[in-house]
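Here is the file protein05.pdb (PDB, C-alpha atoms and all ligand atoms).
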ATOM      1  CA  MET A1128       9.513  66.168  69.158  1.00  0.00           C
ATOM      2  CA  SER A1129      11.326  63.267  70.755  1.00  0.00           C
ATOM      3  CA  ARG A1130      12.745  60.112  69.213  1.00  0.00           C
ATOM      4  CA  ASP A1131      12.085  56.509  70.116  1.00  0.00           C
ATOM      5  CA  ILE A1132      14.890  55.001  72.168  1.00  0.00           C
ATOM      6  CA  ARG A1133      16.528  51.928  70.644  1.00  0.00           C
ATOM      7  CA  ILE A1134      16.549  48.993  73.059  1.00  0.00           C
ATOM      8  CA  LEU A1135      19.089  46.212  73.772  1.00  0.00           C
ATOM      9  CA  GLY A1136      18.943  43.808  70.839  1.00  0.00           C
ATOM     10  CA  ASP A1137      18.760  46.565  68.207  1.00  0.00           C
ATOM     11  CA  PRO A1138      21.885  46.081  66.048  1.00  0.00           C
ATOM     12  CA  ILE A1139      22.588  49.841  65.831  1.00  0.00           C
ATOM     13  CA  LEU A1140      23.547  49.776  69.539  1.00  0.00           C
ATOM     14  CA  ARG A1141      26.365  47.334  68.735  1.00  0.00           C
ATOM     15  CA  LYS A1142      27.880  49.214  65.799  1.00  0.00           C
ATOM     16  CA  THR A1143      30.918  51.506  65.886  1.00  0.00           C
ATOM     17  CA  ALA A1144      29.421  54.949  65.224  1.00  0.00           C
ATOM     18  CA  ARG A1145      30.694  57.163  62.387  1.00  0.00           C
ATOM     19  CA  PRO A1146      32.767  60.279  63.135  1.00  0.00           C
ATOM     20  CA  MET A1147      31.010  63.640  62.808  1.00  0.00           C
ATOM     21  CA  SER A1148      32.405  65.505  59.837  1.00  0.00           C
ATOM     22  CA  GLY A1149      32.167  69.092  61.040  1.00  0.00           C
ATOM     23  CA  ALA A1150      30.186  71.690  62.911  1.00  0.00           C
ATOM     24  CA  TRP A1151      26.427  72.240  63.248  1.00  0.00           C
ATOM     25  CA  THR A1152      24.034  71.712  60.375  1.00  0.00           C
ATOM     26  CA  PRO A1153      20.264  72.313  60.599  1.00  0.00           C
ATOM     27  CA  ARG A1154      19.764  68.536  60.595  1.00  0.00           C
ATOM     28  CA  LEU A1155      22.182  68.088  63.535  1.00  0.00           C
ATOM     29  CA  ARG A1156      20.504  70.872  65.507  1.00  0.00           C
ATOM     30  CA  ARG A1157      17.182  69.120  65.015  1.00  0.00           C
ATOM     31  CA  LEU A1158      18.709  65.787  66.084  1.00  0.00           C
ATOM     32  CA  VAL A1159      20.139  67.331  69.286  1.00  0.00           C
ATOM     33  CA  THR A1160      16.799  69.021  70.086  1.00  0.00           C
ATOM     34  CA  GLU A1161      15.069  65.655  69.706  1.00  0.00           C
ATOM     35  CA  MET A1162      17.695  63.880  71.828  1.00  0.00           C
ATOM     36  CA  LEU A1163      17.264  66.497  74.583  1.00  0.00           C
ATOM     37  CA  GLU A1164      13.502  66.031  74.471  1.00  0.00           C
ATOM     38  CA  SER A1165      13.907  62.228  74.666  1.00  0.00           C
ATOM     39  CA  LEU A1166      16.230  62.666  77.668  1.00  0.00           C
ATOM     40  CA  ARG A1167      13.787  64.993  79.392  1.00  0.00           C
ATOM     41  CA  LEU A1168      10.877  62.580  78.901  1.00  0.00           C
ATOM     42  CA  CYS A1169      12.882  59.661  80.337  1.00  0.00           C
ATOM     43  CA  GLY A1170      14.639  61.647  83.090  1.00  0.00           C
ATOM     44  CA  GLY A1171      18.015  60.502  81.761  1.00  0.00           C
ATOM     45  CA  VAL A1172      21.384  62.114  82.511  1.00  0.00           C
ATOM     46  CA  GLY A1173      23.119  61.341  79.211  1.00  0.00           C
ATOM     47  CA  ILE A1174      22.401  60.062  75.725  1.00  0.00           C
ATOM     48  CA  ALA A1175      24.345  59.018  72.639  1.00  0.00           C
ATOM     49  CA  ALA A1176      23.110  59.374  69.040  1.00  0.00           C
ATOM     50  CA  PRO A1177      22.997  55.598  68.322  1.00  0.00           C
ATOM     51  CA  GLN A1178      20.332  55.322  71.045  1.00  0.00           C
ATOM     52  CA  VAL A1179      17.957  57.310  68.835  1.00  0.00           C
ATOM     53  CA  GLY A1180      18.935  55.463  65.672  1.00  0.00           C
ATOM     54  CA  GLU A1181      21.754  57.703  64.365  1.00  0.00           C
ATOM     55  CA  SER A1182      25.110  55.970  64.122  1.00  0.00           C
ATOM     56  CA  LEU A1183      27.111  59.164  64.795  1.00  0.00           C
ATOM     57  CA  ARG A1184      29.789  60.083  67.360  1.00  0.00           C
ATOM     58  CA  LEU A1185      27.643  62.618  69.197  1.00  0.00           C
ATOM     59  CA  VAL A1186      26.788  62.528  72.906  1.00  0.00           C
ATOM     60  CA  ILE A1187      24.954  64.788  75.345  1.00  0.00           C
ATOM     61  CA  LEU A1188      25.810  65.000  79.059  1.00  0.00           C
ATOM     62  CA  ALA A1189      22.845  66.336  81.014  1.00  0.00           C
ATOM     63  CA  SER A1190      23.488  65.576  84.661  1.00  0.00           C
ATOM     64  CA  HIS A1191      20.872  66.693  87.197  1.00  0.00           C
ATOM     65  CA  PRO A1192      19.610  65.146  90.452  1.00  0.00           C
ATOM     66  CA  THR A1193      16.908  62.514  89.813  1.00  0.00           C
ATOM     67  CA  ALA A1194      15.165  59.791  91.829  1.00  0.00           C
ATOM     68  CA  ARG A1195      17.662  57.313  90.372  1.00  0.00           C
ATOM     69  CA  TYR A1196      20.747  59.536  90.874  1.00  0.00           C
ATOM     70  CA  PRO A1197      19.889  61.770  93.851  1.00  0.00           C
ATOM     71  CA  ASP A1198      23.485  63.013  94.205  1.00  0.00           C
ATOM     72  CA  ALA A1199      24.041  63.917  90.541  1.00  0.00           C
ATOM     73  CA  PRO A1200      25.428  67.431  89.964  1.00  0.00           C
ATOM     74  CA  ASN A1201      23.427  69.995  88.005  1.00  0.00           C
ATOM     75  CA  LEU A1202      24.908  70.671  84.587  1.00  0.00           C
ATOM     76  CA  THR A1203      23.633  72.646  81.615  1.00  0.00           C
ATOM     77  CA  PRO A1204      23.433  70.011  78.856  1.00  0.00           C
ATOM     78  CA  ARG A1205      26.786  69.648  77.052  1.00  0.00           C
ATOM     79  CA  VAL A1206      26.868  68.482  73.436  1.00  0.00           C
ATOM     80  CA  LEU A1207      30.100  66.734  72.435  1.00  0.00           C
ATOM     81  CA  PHE A1208      31.031  65.922  68.835  1.00  0.00           C
ATOM     82  CA  ASN A1209      33.603  63.121  68.356  1.00  0.00           C
ATOM     83  CA  PRO A1210      34.447  62.752  72.074  1.00  0.00           C
ATOM     84  CA  GLU A1211      37.625  60.784  72.614  1.00  0.00           C
ATOM     85  CA  ILE A1212      39.071  59.805  75.993  1.00  0.00           C
ATOM     86  CA  THR A1213      42.732  60.862  75.889  1.00  0.00           C
ATOM     87  CA  GLY A1214      43.666  60.057  79.473  1.00  0.00           C
ATOM     88  CA  HIS A1215      42.227  58.868  82.751  1.00  0.00           C
ATOM     89  CA  SER A1216      43.089  58.725  86.426  1.00  0.00           C
ATOM     90  CA  PRO A1217      44.776  55.527  87.573  1.00  0.00           C
ATOM     91  CA  GLU A1218      42.085  55.105  90.230  1.00  0.00           C
ATOM     92  CA  GLY A1219      38.743  53.561  89.412  1.00  0.00           C
ATOM     93  CA  GLU A1220      35.577  53.496  91.459  1.00  0.00           C
ATOM     94  CA  MET A1221      32.517  51.289  91.480  1.00  0.00           C
ATOM     95  CA  GLY A1222      29.141  52.923  90.902  1.00  0.00           C
ATOM     96  CA  TRP A1223      25.630  52.127  89.764  1.00  0.00           C
ATOM     97  CA  GLU A1224      24.583  52.719  86.174  1.00  0.00           C
ATOM     98  CA  GLY A1225      21.481  52.283  84.122  1.00  0.00           C
ATOM     99  CA  CYS A1226      20.728  53.005  80.503  1.00  0.00           C
ATOM    100  CA  LEU A1227      17.678  54.154  78.571  1.00  0.00           C
ATOM    101  CA  SER A1228      18.478  51.349  76.106  1.00  0.00           C
ATOM    102  CA  VAL A1229      18.588  48.679  78.845  1.00  0.00           C
ATOM    103  CA  PRO A1230      15.277  49.244  80.645  1.00  0.00           C
ATOM    104  CA  GLY A1231      14.622  47.671  84.023  1.00  0.00           C
ATOM    105  CA  GLN A1232      18.231  46.861  84.839  1.00  0.00           C
ATOM    106  CA  ARG A1233      20.979  48.429  86.943  1.00  0.00           C
ATOM    107  CA  GLY A1234      24.582  47.416  87.241  1.00  0.00           C
ATOM    108  CA  ARG A1235      27.639  48.226  89.331  1.00  0.00           C
ATOM    109  CA  VAL A1236      30.468  49.182  86.995  1.00  0.00           C
ATOM    110  CA  ARG A1237      34.089  50.198  87.622  1.00  0.00           C
ATOM    111  CA  ARG A1238      35.008  53.464  85.862  1.00  0.00           C
ATOM    112  CA  ALA A1239      37.979  55.825  86.028  1.00  0.00           C
ATOM    113  CA  CYS A1240      37.362  58.619  88.598  1.00  0.00           C
ATOM    114  CA  SER A1241      38.544  61.318  86.208  1.00  0.00           C
ATOM    115  CA  VAL A1242      38.939  61.483  82.416  1.00  0.00           C
ATOM    116  CA  ARG A1243      40.551  63.849  79.940  1.00  0.00           C
ATOM    117  CA  VAL A1244      38.500  64.217  76.770  1.00  0.00           C
ATOM    118  CA  LEU A1245      39.147  65.700  73.347  1.00  0.00           C
ATOM    119  CA  SER A1246      36.145  66.687  71.246  1.00  0.00           C
ATOM    120  CA  VAL A1247      35.231  69.000  68.380  1.00  0.00           C
ATOM    121  CA  ASN A1248      33.539  72.304  69.166  1.00  0.00           C
ATOM    122  CA  PRO A1249      30.203  72.189  67.307  1.00  0.00           C
ATOM    123  CA  GLU A1250      30.245  75.987  66.804  1.00  0.00           C
ATOM    124  CA  ASN A1251      33.562  76.281  64.959  1.00  0.00           C
ATOM    125  CA  GLY A1252      34.976  72.789  64.445  1.00  0.00           C
ATOM    126  CA  ALA A1253      37.996  73.518  66.697  1.00  0.00           C
ATOM    127  CA  PRO A1254      39.416  70.883  69.061  1.00  0.00           C
ATOM    128  CA  GLU A1255      38.272  71.224  72.672  1.00  0.00           C
ATOM    129  CA  HIS A1256      39.798  69.678  75.800  1.00  0.00           C
ATOM    130  CA  HIS A1257      37.767  68.793  78.863  1.00  0.00           C
ATOM    131  CA  VAL A1258      38.329  67.176  82.243  1.00  0.00           C
ATOM    132  CA  PHE A1259      35.394  65.376  83.838  1.00  0.00           C
ATOM    133  CA  ASP A1260      35.430  64.009  87.395  1.00  0.00           C
ATOM    134  CA  GLY A1261      33.218  61.761  89.497  1.00  0.00           C
ATOM    135  CA  PHE A1262      29.670  61.251  88.242  1.00  0.00           C
ATOM    136  CA  LEU A1263      30.310  63.298  85.073  1.00  0.00           C
ATOM    137  CA  ALA A1264      33.358  61.139  84.291  1.00  0.00           C
ATOM    138  CA  ARG A1265      31.125  58.099  84.714  1.00  0.00           C
ATOM    139  CA  ILE A1266      28.426  59.450  82.355  1.00  0.00           C
ATOM    140  CA  LEU A1267      31.063  60.420  79.783  1.00  0.00           C
ATOM    141  CA  GLN A1268      32.645  56.938  79.839  1.00  0.00           C
ATOM    142  CA  HIS A1269      29.199  55.316  79.561  1.00  0.00           C
ATOM    143  CA  GLU A1270      28.208  57.512  76.587  1.00  0.00           C
ATOM    144  CA  VAL A1271      31.532  57.044  74.748  1.00  0.00           C
ATOM    145  CA  ASP A1272      31.043  53.279  75.176  1.00  0.00           C
ATOM    146  CA  HIS A1273      27.766  53.657  73.244  1.00  0.00           C
ATOM    147  CA  LEU A1274      29.758  55.032  70.284  1.00  0.00           C
ATOM    148  CA  ASP A1275      31.807  51.829  70.246  1.00  0.00           C
ATOM    149  CA  GLY A1276      28.842  49.462  70.567  1.00  0.00           C
ATOM    150  CA  VAL A1277      29.428  48.734  74.268  1.00  0.00           C
ATOM    151  CA  LEU A1278      26.566  48.672  76.802  1.00  0.00           C
ATOM    152  CA  PHE A1279      26.985  48.865  80.587  1.00  0.00           C
ATOM    153  CA  PRO A1280      26.070  45.188  81.270  1.00  0.00           C
ATOM    154  CA  ASP A1281      29.201  44.292  79.227  1.00  0.00           C
ATOM    155  CA  ARG A1282      31.215  46.141  81.923  1.00  0.00           C
ATOM    156  CA  VAL A1283      29.632  44.391  84.923  1.00  0.00           C
ATOM    157  CA  SER A1284      32.222  41.891  86.147  1.00  0.00           C
ATOM    158  CA  GLU A1285      30.344  40.089  88.967  1.00  0.00           C
ATOM    159  CA  PRO A1286      26.963  38.436  88.280  1.00  0.00           C
ATOM    160  CA  GLU A1287      25.495  39.810  91.536  1.00  0.00           C
ATOM    161  CA  ASP A1288      26.289  43.351  90.369  1.00  0.00           C
ATOM    162  CA  LEU A1289      23.532  43.233  87.715  1.00  0.00           C
ATOM    163  CA  VAL A1290      20.105  43.773  89.328  1.00  0.00           C
ATOM    164  CA  SER A1291      16.526  44.727  88.482  1.00  0.00           C
ATOM    165  CA  GLU A1292      15.328  48.330  88.835  1.00  0.00           C
ATOM    166  CA  ALA A1293      13.145  47.265  91.815  1.00  0.00           C
ATOM    167  CA  GLU A1294      16.113  45.672  93.573  1.00  0.00           C
ATOM    168  CA  TYR A1295      18.214  48.777  92.884  1.00  0.00           C
ATOM    169  CA  GLN A1296      15.524  51.002  94.459  1.00  0.00           C
ATOM    170  CA  ALA A1297      15.535  48.718  97.538  1.00  0.00           C
ATOM    171  CA  ILE A1298      19.358  49.025  97.755  1.00  0.00           C
ATOM    172  CA  LEU A1299      19.083  52.844  97.497  1.00  0.00           C
ATOM    173  CA  ARG A1300      16.487  52.933 100.279  1.00  0.00           C
ATOM    174  CA  GLN A1301      18.774  50.855 102.516  1.00  0.00           C
ATOM    175  CA  ALA A1302      21.675  53.193 101.827  1.00  0.00           C
ATOM    176  CA  ARG A1303      19.604  56.352 102.478  1.00  0.00           C
ATOM    177  CA  PRO A1304      17.156  55.613 105.310  1.00  0.00           C
TER
HETATM  178 NI    NI A1401      23.281  54.344  78.026  1.00  0.00          NI
END
When written as structure tokens, how does the structure in this file appear?
Amino acid sequence: MSRDIRILGDPILRKTARPMSGAWTPRLRRLVTEMLESLRLCGGVGIAAPQVGESLRLVILASHPTARYPDAPNLTPRVLFNPEITGHSPEGEMGWEGCLSVPGQRGRVRRACSVRVLSVNPENGAPEHHVFDGFLARILQHEVDHLDGVLFPDRVSEPEDLVSEAEYQAILRQARP
């Protein structure tokens, strides 16, 4: 079963999500299964629990090449409990983002090229350290923003960097003849 995706305007997307209190429970396993199914149906590369109506600090990174992100790396879905960015590269890079909760829009957003992340291992509750680079760093930063009530259009600094999906597809075609 999948869950309905909450859309821009739903107040849950603007709340600060609650910390996860421990490791897996049957209810959390069911939630993650439903989030993965929602991602699969939408062809998304990442999702945060508030997007399916659960105000919890839980994200899934599920990068794979898609029509929208043809250069995305293939990654077995990673479930992160309480992800926290503990450091990032000084360099940033601009890149296109979209969001299941902001349908029909794309935006160019500056993100750190590399991030260090602390999270809780869902199997045993132990702290876990990760380093994510490039596109994965971008997804991670986008998903952690969701936990703090921030959506990608909030990060777009120039008006011309927010475009429709159709315009984005035209830009992609120009870039990849
Ligand atoms: Ni999103």
Compare A:Pro1138, A:Gly1170, A:Pro1286, A:Gly1225 by their minimum atom-to-atom distance to ligand NI 1401 (chain A), counting all atoms listed in the file, and give me the closest one.
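Of A:Pro1138, A:Gly1170, A:Pro1286, A:Gly1225, the one nearest ligand NI 1401 (chain A) is A:Gly1225, counting all atoms listed in the file.
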Go ahead and compute the interatomic distance for atom CA of A:Ala1150 and atom CA of A:Pro1249, in Å to one decimal.
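Atom CA of A:Ala1150 sits 4.4 Å away from atom CA of A:Pro1249.
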Nearby residues (all atoms listed in the file) at most 9 Å from A:Ile1187, same-chain spacing under 3 positions excluded, as a list of chain:residue names:
A:Val1159, A:Met1162, A:Leu1163, A:Val1172, A:Gly1173, A:Ile1174, A:Ala1175, A:Ala1176, A:Pro1204, A:Arg1205, A:Val1206, A:Leu1207, A:Phe1208, A:Leu1267, A:Glu1270
Could you tell me how far atom CA of A:Pro1146 sits from atom CA of A:Val1283, in Å to one decimal place?
27.1 Å
Could you state the separation of atom CA of A:His1215 and atom CA of A:Leu1245 in Å, given to one decimal place?
12.0 Å
Give me the result of the PyMOL selection byres (((chain A and resi 1148) around 10) and not hetatm) on this file, residue by residue, as a list in words.
Arg1145, Pro1146, Met1147, Gly1149, Ala1150, Trp1151, Leu1183, Arg1184, Phe1208, Asn1209, Val1247 and Gly1252 of chain A
Can you tell me which residues surround A:Phe1279 at a distance of at most 8 Å, considering only C-alpha atoms, apart from same-chain residues fewer than 4 positions away, and format the answer as a PDB file with C-alpha atoms, in the coordinates of the input?
ATOM      1  CA  GLU A1224      24.583  52.719  86.174  1.00  0.00           C
ATOM      2  CA  GLY A1225      21.481  52.283  84.122  1.00  0.00           C
ATOM      3  CA  CYS A1226      20.728  53.005  80.503  1.00  0.00           C
ATOM      4  CA  GLY A1234      24.582  47.416  87.241  1.00  0.00           C
ATOM      5  CA  VAL A1236      30.468  49.182  86.995  1.00  0.00           C
ATOM      6  CA  HIS A1269      29.199  55.316  79.561  1.00  0.00           C
ATOM      7  CA  VAL A1283      29.632  44.391  84.923  1.00  0.00           C
TER       8      VAL A1283
END
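Here the question is which of A:Ser1165, A:Asp1281, A:Pro1197, A:Glu1218 gets nearest to A:Ala1302 using only C-alpha atoms, and that residue is A:Pro1197.
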Distance query A:Thr1213 at most 9 Å, only C-alpha atoms, self and fewer than 3 positions along chain excluded, as a ChimeraX atom specification
/A:1242-1245
For ligand NI 1401 (chain A), which residue out of A:Leu1155, A:Leu1227, A:Val1186, A:Val1277 is the nearest one, using all atoms listed in the file?
A:Leu1227
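If you measure from each of A:His1257, A:Arg1282, A:Arg1265, A:Arg1233 to A:Glu1294 using all atoms listed in the file, the closest one turns out to be A:Arg1233.
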Identify, on the basis of all atoms listed in the file, every residue whose closest approach to A:Glu1164 does not exceed 9 Å; exclude the query and any residue fewer than 4 positions from it along the same chain; express the result as JSON, numbers by chain.
{"A": [1128, 1129, 1130, 1159, 1160, 1168, 1169]}
Keeping C-alpha atoms for every residue in the selection just given, could you write it to a file as a PDB file, in the frame of the given file?
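To be explicit, this is the file written out as again_32.pdb:
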ATOM      1  CA  MET A1128       9.513  66.168  69.158  1.00  0.00           C
ATOM      2  CA  SER A1129      11.326  63.267  70.755  1.00  0.00           C
ATOM      3  CA  ARG A1130      12.745  60.112  69.213  1.00  0.00           C
ATOM      4  CA  VAL A1159      20.139  67.331  69.286  1.00  0.00           C
ATOM      5  CA  THR A1160      16.799  69.021  70.086  1.00  0.00           C
ATOM      6  CA  LEU A1168      10.877  62.580  78.901  1.00  0.00           C
ATOM      7  CA  CYS A1169      12.882  59.661  80.337  1.00  0.00           C
TER       8      CYS A1169
END
Reference answer for the PyMOL selection byres (((chain A and resi 1276) around 8) and not hetatm), as a VMD selection string
chain A and resid 1139 to 1144 1272 to 1275 1277 to 1278
Here is a test: counting all atoms listed in the file, which residue of A:Gln1178, A:Arg1167, A:Gly1231, A:Leu1299 is nearest to ligand NI 1401 (chain A)?
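Selected residue with least distance to ligand NI 1401 (chain A): A:Gln1178.
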Name the residues that the PyMOL selection byres (((chain A and resi 1194) around 12) and not hetatm) picks from the file above, as a ChimeraX atom specification, using the file's chain letters and numbers.
/A:1169-1172,1191-1193,1195-1199,1292,1295-1296,1299-1300
Tell me which of A:Leu1185, A:Glu1250, A:Val1179, A:Arg1156 sits closest to A:Pro1210, counting all atoms listed in the file.
A:Leu1185
What lies within 10 Å of A:Ala1239 using all atoms listed in the file, ignoring chain neighbours under 3 positions off, as a PyMOL selection string?
chain A and resi 1214-1221+1242+1260-1261+1264-1265+1268
